[in-house]
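Asker: Please read through the structure below; I'll follow up with questions.
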Amino acid sequence: MQPLFLKPVFKERIWGGTTLQKEFGYAIPSDQTGECWAISAHPNGPSVIENGDYAGMTLDRLWREQPELFGNSTEKVFPLLTKILDANKDLSVQVHPDDTYAMANENGELGKTECWYVIDCKEDAHIIFGHNAKTKEELRQQINEGKWNELLRKVSIKPGDFFYVPSGTIHALCEGTLVLETQQSSDTTYRVYDYNRRDAAGNLRELHLEKAIDVINVPHHDASIIPTVEKKENVAITTFVQSDFFSVYKWDVRGKATFSFPDQYLLLSVIKGEGNIVHKDQKYELKKGTHLIIPVGLGRFTIEGDCELVVSHP
């Protein structure tokens, strides 16, 4: 029994850049790399275990064949997906369905509730988060008439901000933003508006207006998220959200901190600093951009160093 380190999968996007290489040292495929699928069992990009008895095995296979590592969960698929997103340019304005709608309309795919931790952003950065329409009829009319400035809400952001993005929330990351995203394991996105951009072949990207209008929450309500901070020996633990889909925390370790989660597997991503994770006299290096899973039954482990991690579990 040991921590499971994962090799990320990278996705090129029309809005991507090179920040994933500059910030984390990743070997990215091009200068339009937008997404690091860091901890993924999704068929569109499963991570591979890098160490130990399961080295070379994809996470989706490990989930199927070694269920005891995940507490013998009854869920059919690994439920979460951790990404790092480099919004070098504006992402399309989009929305995701909930489980019920996705199950019926997307071949049994999960819905997609997600959340963002802003690792870094330019000084005047903002996101699209929500809309101003009061009714579905008003929403449809403003979309059809292209009244995007009236419809869409812009929210200023800064490093360290956290946003919970339930399914049905119209949203977009905007230029100059680097975020860690924790989400349901789903790849279903309905594009509402894409700034009339064309791809490398000169084509407009597909929009999904009818499905989007079906699932957008009207009127928009911001989720009530009030982070709390608990300080223990050499670690400050910020609890961002505890929802039906996932719980997300930030661990700010300064020195040596010991943890134990006997009944829960954890997803860990190092977003700043470096250190080690120590388990039964075995020491494993942690550095910015490292991603790992703590399996159920690992017992006590220690993180030593000066580092910040985003941590999640279902």
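Chain labels A, B, ... are given in the sequence in which chains occur in the structure tokens; within each chain residues are numbered consecutively from 1, and ligands are likewise numbered from 1 in the order shown.
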Quick one: residues within 6 Å of stretch 9-19 of chain A, only C-alpha atoms, excluding same-chain residues fewer than 6 positions away - as a list of chain:residue names?
Answerer: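 In the requested form, the answer reads A:Asp31, A:Gln32, A:Thr33, A:Gly34, A:Glu35, A:Cys36, A:Trp37, A:Asp86, A:Ala87, A:Asn88, A:Lys89.
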Asker: As a list of chain:residue names, which residues of stretch 38-123 of chain A does DSSP assign to alpha helix (DSSP H)?
Answerer: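 Those in stretch 38-123 of chain A that DSSP calls alpha helix (DSSP H) are A:Leu59, A:Asp60, A:Arg61, A:Leu62, A:Trp63, A:Arg64, A:Glu65, A:Asp99, A:Thr100, A:Tyr101, A:Ala102, A:Met103, A:Ala104, A:Asn105.
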Asker: For A:Arg254, which of A:Pro219, A:Gly297, A:Pro29, A:Gly305 is the closest residue, counting only C-alpha atoms?
Answerer: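 Comparing A:Pro219, A:Gly297, A:Pro29, A:Gly305 against A:Arg254, the winner is A:Gly305.
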Asker: Please compute the atom CA of A:Gly168-atom CA of A:Asp98 distance, one decimal, in Å.
Answerer: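 These atoms are spaced 7.0 Å apart.
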Asker: Nearest residue to A:Leu268 out of A:Asn132, A:Thr239, A:Ser312, A:Thr169, using only C-alpha atoms?
Answerer: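 Smallest distance to A:Leu268 is found for A:Ser312.
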Asker: Taking 6 positions as the minimum chain separation for residues in the same chain, which residues sit within 9 Å of A:Lys83 when counting only C-alpha atoms? Answer as a list in words.
Answerer: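 Near neighbours after the sequence-gap exclusion: Pro8, Glu35, Cys36, Trp37, Ala38, Ile39, Ser40, Val179, Leu180, Glu181, Thr182 and Gln183 of chain A.
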Asker: Could you give me, as a PyMOL selection string, the residues within 7 Å of stretch 99-101 of chain A, counting only C-alpha atoms and dropping anything in the same chain fewer than 4 positions from it?
Answerer: chain A and resi 105+110-111
Asker: Find the spatial neighbours of stretch 195-210 of chain A, counting only C-alpha atoms, within a cut-off of 9 Å - ignore same-chain residues fewer than 4 positions away - and output them as a VMD selection string.
Answerer: chain A and resid 14 90 92 to 94 140 143 189 to 191 214 to 215
Asker: Residues as selected, N, CA and C atoms, written as a PDB file, in the first residue's frame, can you do that?
Answerer:
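Generated file (again06.pdb):
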ATOM      1  N   ILE A  14      -8.042  25.602 -28.688  1.00  0.00           N
ATOM      2  CA  ILE A  14      -7.925  26.840 -29.453  1.00  0.00           C
ATOM      3  C   ILE A  14      -7.535  28.012 -28.553  1.00  0.00           C
ATOM      4  N   ASP A  90      -9.806  33.682 -24.119  1.00  0.00           N
ATOM      5  CA  ASP A  90     -11.128  33.420 -23.552  1.00  0.00           C
ATOM      6  C   ASP A  90     -11.637  32.044 -23.982  1.00  0.00           C
ATOM      7  N   SER A  92     -14.906  29.488 -24.583  1.00  0.00           N
ATOM      8  CA  SER A  92     -16.287  29.709 -25.010  1.00  0.00           C
ATOM      9  C   SER A  92     -17.194  29.830 -23.797  1.00  0.00           C
ATOM     10  N   VAL A  93     -18.263  30.597 -23.949  1.00  0.00           N
ATOM     11  CA  VAL A  93     -19.308  30.676 -22.928  1.00  0.00           C
ATOM     12  C   VAL A  93     -20.114  29.385 -23.019  1.00  0.00           C
ATOM     13  N   GLN A  94     -20.273  28.692 -21.899  1.00  0.00           N
ATOM     14  CA  GLN A  94     -20.804  27.326 -21.954  1.00  0.00           C
ATOM     15  C   GLN A  94     -21.608  27.004 -20.704  1.00  0.00           C
ATOM     16  N   ARG A 140     -33.669  33.109 -23.956  1.00  0.00           N
ATOM     17  CA  ARG A 140     -33.675  32.706 -25.361  1.00  0.00           C
ATOM     18  C   ARG A 140     -33.591  33.923 -26.281  1.00  0.00           C
ATOM     19  N   ILE A 143     -30.063  35.477 -26.227  1.00  0.00           N
ATOM     20  CA  ILE A 143     -29.126  34.620 -26.955  1.00  0.00           C
ATOM     21  C   ILE A 143     -29.352  34.753 -28.460  1.00  0.00           C
ATOM     22  N   THR A 189     -20.034  19.342 -22.666  1.00  0.00           N
ATOM     23  CA  THR A 189     -20.101  20.803 -22.617  1.00  0.00           C
ATOM     24  C   THR A 189     -21.029  21.295 -23.719  1.00  0.00           C
ATOM     25  N   TYR A 190     -21.929  22.210 -23.375  1.00  0.00           N
ATOM     26  CA  TYR A 190     -22.795  22.851 -24.369  1.00  0.00           C
ATOM     27  C   TYR A 190     -22.310  24.279 -24.570  1.00  0.00           C
ATOM     28  N   ARG A 191     -21.808  24.573 -25.778  1.00  0.00           N
ATOM     29  CA  ARG A 191     -21.335  25.920 -26.097  1.00  0.00           C
ATOM     30  C   ARG A 191     -22.500  26.823 -26.427  1.00  0.00           C
ATOM     31  N   ASP A 214     -32.070  24.462 -22.569  1.00  0.00           N
ATOM     32  CA  ASP A 214     -32.763  23.465 -21.750  1.00  0.00           C
ATOM     33  C   ASP A 214     -32.209  23.425 -20.324  1.00  0.00           C
ATOM     34  N   VAL A 215     -30.870  23.497 -20.198  1.00  0.00           N
ATOM     35  CA  VAL A 215     -30.266  23.180 -18.895  1.00  0.00           C
ATOM     36  C   VAL A 215     -29.833  24.402 -18.091  1.00  0.00           C
TER      37      VAL A 215
END
Asker: Please identify all polymer residues within 10 Å of A:Leu69, counting only C-alpha atoms, omitting same-chain residues fewer than 3 positions from it, and present them as a PyMOL selection string.
Answerer: chain A and resi 1+62-63+65-66+72-73+264-265+293-298
Asker: Can you tell me, as a list of chain:residue names, what residues are no more than 10 Å from A:Pro227 when counting only C-alpha atoms, ignoring any on the same chain fewer than 5 positions away?
Answerer: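 Neighbouring residues, sequence-local ones excluded: A:Phe162, A:Thr238, A:Thr239, A:Phe240, A:Val241, A:Tyr249.
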Asker: For all heavy atoms, I'd like the residues from the last selection saved as a compact mmCIF listing (two decimals), in the first residue's frame.
Answerer:
# COMPACT_ATOMS: atom_id res chain seq x y z
N PHE A 162 -12.01 31.08 -5.12
CA PHE A 162 -12.63 29.77 -5.35
C PHE A 162 -14.06 29.99 -5.83
O PHE A 162 -14.79 30.81 -5.27
CB PHE A 162 -12.63 28.95 -4.06
CG PHE A 162 -13.26 27.58 -4.21
CD1 PHE A 162 -12.52 26.51 -4.67
CD2 PHE A 162 -14.61 27.38 -3.92
CE1 PHE A 162 -13.09 25.26 -4.83
CE2 PHE A 162 -15.19 26.14 -4.06
CZ PHE A 162 -14.43 25.07 -4.52
N THR A 238 -8.00 24.79 4.54
CA THR A 238 -9.15 25.57 4.09
C THR A 238 -10.17 24.63 3.47
O THR A 238 -9.84 23.88 2.56
CB THR A 238 -8.74 26.62 3.04
OG1 THR A 238 -7.74 27.47 3.58
CG2 THR A 238 -9.94 27.45 2.60
N THR A 239 -11.38 24.65 3.99
CA THR A 239 -12.48 23.88 3.40
C THR A 239 -13.26 24.81 2.49
O THR A 239 -13.86 25.78 2.95
CB THR A 239 -13.41 23.30 4.48
OG1 THR A 239 -12.65 22.44 5.33
CG2 THR A 239 -14.55 22.51 3.85
N PHE A 240 -13.23 24.53 1.19
CA PHE A 240 -13.93 25.37 0.22
C PHE A 240 -15.38 24.94 0.05
O PHE A 240 -16.29 25.77 0.05
CB PHE A 240 -13.23 25.32 -1.14
CG PHE A 240 -11.92 26.05 -1.18
CD1 PHE A 240 -10.75 25.37 -1.51
CD2 PHE A 240 -11.84 27.40 -0.91
CE1 PHE A 240 -9.55 26.03 -1.56
CE2 PHE A 240 -10.63 28.07 -0.95
CZ PHE A 240 -9.48 27.39 -1.28
N VAL A 241 -15.60 23.65 -0.16
CA VAL A 241 -16.96 23.17 -0.43
C VAL A 241 -17.07 21.71 -0.01
O VAL A 241 -16.11 20.94 -0.11
CB VAL A 241 -17.31 23.33 -1.93
CG1 VAL A 241 -16.45 22.45 -2.82
CG2 VAL A 241 -18.80 23.06 -2.20
N TYR A 249 -10.58 21.01 -0.62
CA TYR A 249 -9.84 21.68 0.44
C TYR A 249 -8.51 22.21 -0.13
O TYR A 249 -8.06 21.78 -1.18
CB TYR A 249 -9.49 20.72 1.59
CG TYR A 249 -10.62 19.83 2.03
CD1 TYR A 249 -10.88 18.62 1.38
CD2 TYR A 249 -11.43 20.19 3.10
CE1 TYR A 249 -11.92 17.80 1.78
CE2 TYR A 249 -12.47 19.37 3.52
CZ TYR A 249 -12.72 18.18 2.84
OH TYR A 249 -13.75 17.37 3.24
Asker: Ranking A:Trp251, A:Trp148, A:Phe163, A:Phe78 by minimum distance to A:Tyr193 and counting only C-alpha atoms, which one comes first?
Answerer: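 Ranking A:Trp251, A:Trp148, A:Phe163, A:Phe78 by distance to A:Tyr193, first place goes to A:Trp148.
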Asker: Taking only C-alpha atoms into account, which of A:Ala102, A:Ala212, A:Ala133, A:Cys174 comes nearest A:Thr188?
Answerer: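 That would be A:Ala102, the residue with the smallest distance to A:Thr188.
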